[in-house]
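As structure tokens, the structure follows; a few thoughts come after it.
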Amino acid sequence: MIKIVFFGTPEFALSSLRALTAHGEIAIQAVVTQPDKPKGRSLQKTPSSVAQCAEELGLPVIKIENLINNQEVFDQLSRYHADLYAVVAFGVILPSALLALPARGALNLHPSLLPRYRGSSPIQTAILNGDTETGITVMLLDEKMDHGPIVAQHTVQINTNDTSPTLSDRLSIMGAQLLVKGMLDYSNGKVQPYAQDERYVSYTKQISKDDGRIEWTKTSKEIARQIRAYKPWPGSWTILDNKGKPHTLKIIDAVPLSTIADYAQNPLSHTPGKLIQLSRKRYAFVCGGSTLLEIFTVQPANRTTMSADSYIRGNLWLIDTIKK
RNA sequence: CGCGGGGUAGAGCAGUAGCAGCUCGCCUGGCUCAUAACCAGGAGGUCGUGGGUGCGAAUCCCACCCCCGCAA
């Protein structure tokens, strides 16, 4: 029987939490997660996904924000005498003092093929870069971020229509299986963790809201990838001129078109960021390099999502060029 | 009391006191080899709910219900 403490916060960690709980040879002694945070329109304090799930599973929950120099939590955790920690999307760095507590160390599930894409946004970055595959890695935590030796790794394909949520779901489920297997193999001494190859290290940045703003001078393929990568947050949006007032439009679903040839004669349509009508019910933005991005689903500011056709029905002045 | 937007025809929107409108969709007919095209005609609204002010309210005032964005 392996005694562990589970660290996790968002939905991504749920598959792992459930898989570990369900396994007969693994005993979760406690679940550590971030404290309740304001959520929703009234900003009511809401427990994290992991906290809610752990409650349902009847596991003891420890909510903690700051782990550094937190003697109380240190003492509390040391009483469990865990063999291993399992860390999945916890969102807080574990200080080395804590990592030293479990007898066999702390296993982390990271949604990339380490050493590629260390950091906080590996899933979004993989889609943004147009990768055809990514993966999940189970590794031992050390004091450097996503740096420790690898226990197990598995490749996952990225579909051309994958968005961050769809890819994240798949990585979460496959990651849970890999984590359980990796944990057992590692505990039984079946696998020997190996150091990451520093030559292939890359890092992903923390995404901010501003990253969602669309640069229309990029090609439609790049913009389409951004739309899929930054869904649902921060989203991909542009600011249109609504009768003199700035008007934010989020683009939910769009596909790059290969050519702008039909519009090459019209100098107006070469201006990136212009909205043009392709045909009945089909609309596109002009992007860089004479490419077009056909839009299907949009979300105006303060509105719910709607089809591009519907949106433009009620905002006809937005169309820059109409093909007769 | 976190900030803000909104509820008008099946959809998306205009209309801020004086006959309820636009772009679509839908129905009928026409034109076409044909069509998501084009032409002609038509149906479809208790303007979120309740109250108030006015000669007159979608529009102004009050209350309530519902929806959404930001934020986290």
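Labels used: A, B, ... for chains in the order of the structure tokens, numbers from 1 for residues in each chain, and numbers from 1 for ligands as shown.
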| message | Using only C-alpha atoms (C1' of nucleotides) and a distance of at most 6 Å, pull out the residues of chain A that contact chain B, as a PyMOL selection string. | response | chain A and resi 38-39+301-304+310-311+313-314
May I have the selected residues written with C-alpha atoms, as a compact mmCIF listing (two decimals), in the first residue's frame?
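Writing done, so here's out-v4.txt:
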# COMPACT_ATOMS: atom_id res chain seq x y z
CA PRO A 38 -14.30 34.56 -5.36
CA LYS A 39 -16.11 33.32 -8.42
CA ALA A 301 -19.17 42.34 -25.71
CA ASN A 302 -21.87 41.79 -23.10
CA ARG A 303 -23.61 39.25 -25.27
CA THR A 304 -23.73 35.54 -25.48
CA SER A 310 -26.68 36.41 -36.99
CA TYR A 311 -24.27 38.90 -35.56
CA ARG A 313 -27.48 40.65 -39.60
CA GLY A 314 -27.89 43.14 -36.85
| message | Please identify the strand (DSSP E) residues within region 109-141 of chain A (assignment by DSSP from backbone atoms) and present them as a list in words. | response |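 DSSP-assigned strand (DSSP E) residues in region 109-141 of chain A: Leu109, His110, Arg118, Gly119, Glu133, Thr134, Gly135, Ile136, Thr137, Val138, Met139 and Leu140 of chain A.
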Would you mind exporting C-alpha atoms of the selected residues as a short mmCIF file (atom, residue, chain, number, x, y, z; two decimals), in the first residue's frame?
data_model
loop_
_atom_site.label_atom_id
_atom_site.label_comp_id
_atom_site.auth_asym_id
_atom_site.auth_seq_id
_atom_site.Cartn_x
_atom_site.Cartn_y
_atom_site.Cartn_z
CA LEU A 109 2.04 15.28 -13.83
CA HIS A 110 2.92 17.84 -16.46
CA ARG A 118 8.05 23.79 -19.03
CA GLY A 119 5.92 26.34 -17.25
CA GLU A 133 1.60 16.11 -31.03
CA THR A 134 2.27 16.82 -27.41
CA GLY A 135 2.08 14.59 -24.38
CA ILE A 136 2.13 14.06 -20.69
CA THR A 137 5.03 13.50 -18.37
CA VAL A 138 5.23 12.07 -14.89
CA MET A 139 8.32 13.38 -13.16
CA LEU A 140 9.90 13.81 -9.79
#
If you count only C-alpha atoms (C1' of nucleotides), which residues fall within 10 Å of Asn108 (chain A), apart from same-chain ones fewer than 5 positions away, as a PDB file with C-alpha atoms, in the first residue's frame?
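Final output, out.pdb:
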ATOM      1  CA  PHE A   7      -1.893  18.325  -4.354  1.00  0.00           C
ATOM      2  CA  TYR A  85       3.206  13.211  -2.970  1.00  0.00           C
ATOM      3  CA  ALA A  86       1.184  13.484  -6.155  1.00  0.00           C
ATOM      4  CA  VAL A  87       1.103  16.978  -7.594  1.00  0.00           C
ATOM      5  CA  VAL A  88      -1.241  17.779 -10.492  1.00  0.00           C
ATOM      6  CA  ALA A  89      -1.876  21.380 -11.504  1.00  0.00           C
ATOM      7  CA  PHE A  90      -1.577  22.618  -7.957  1.00  0.00           C
ATOM      8  CA  THR A 137       5.025  13.503 -18.369  1.00  0.00           C
ATOM      9  CA  VAL A 138       5.232  12.074 -14.892  1.00  0.00           C
ATOM     10  CA  MET A 139       8.319  13.376 -13.159  1.00  0.00           C
ATOM     11  CA  LEU A 140       9.901  13.813  -9.786  1.00  0.00           C
ATOM     12  CA  LEU A 141       9.753  17.339  -8.447  1.00  0.00           C
ATOM     13  CA  ASP A 142      12.893  19.120  -7.442  1.00  0.00           C
ATOM     14  CA  ASP A 146       9.406  21.289 -14.147  1.00  0.00           C
ATOM     15  CA  GLY A 148      13.151  16.925 -12.200  1.00  0.00           C
ATOM     16  CA  ILE A 150      11.289  11.763 -15.746  1.00  0.00           C
ATOM     17  CA  VAL A 151       9.450   8.666 -14.551  1.00  0.00           C
ATOM     18  CA  LEU A 179       0.307   8.903 -13.172  1.00  0.00           C
ATOM     19  CA  MET A 183       3.515   5.776  -9.394  1.00  0.00           C
TER      20      MET A 183
END
| field | Picked from region 222-258 of chain A by DSSP as helix (DSSP H, G or I), as a list in words | value | Glu222, Ile223, Ala224, Arg225, Gln226, Ile227, Arg228 and Ala229 of chain A
Take the residues from that selection and put them in a file with N, CA and C atoms, as a compact mmCIF listing (two decimals), in the first residue's frame.
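Okay, out-v9.txt is ready:
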# COMPACT_ATOMS: atom_id res chain seq x y z
N GLU A 222 -2.16 31.37 -38.38
CA GLU A 222 -1.67 31.69 -37.04
C GLU A 222 -2.80 32.16 -36.15
N ILE A 223 -3.65 33.00 -36.71
CA ILE A 223 -4.75 33.53 -35.90
C ILE A 223 -5.73 32.42 -35.52
N ALA A 224 -5.98 31.52 -36.46
CA ALA A 224 -6.89 30.41 -36.16
C ALA A 224 -6.33 29.54 -35.03
N ARG A 225 -5.02 29.35 -35.04
CA ARG A 225 -4.40 28.57 -33.96
C ARG A 225 -4.54 29.31 -32.63
N GLN A 226 -4.38 30.61 -32.69
CA GLN A 226 -4.52 31.39 -31.46
C GLN A 226 -5.93 31.25 -30.90
N ILE A 227 -6.92 31.29 -31.79
CA ILE A 227 -8.30 31.19 -31.35
C ILE A 227 -8.54 29.86 -30.64
N ARG A 228 -7.95 28.80 -31.20
CA ARG A 228 -8.13 27.48 -30.57
C ARG A 228 -7.34 27.37 -29.27
N ALA A 229 -6.17 28.01 -29.25
CA ALA A 229 -5.30 27.91 -28.07
C ALA A 229 -5.83 28.72 -26.89
| query | Which residue out of B:A58, B:C38, B:C66, B:A9 has the minimum interatomic distance to C26 (chain B) when only C-alpha atoms (C1' of nucleotides) are used? | reply | B:A9
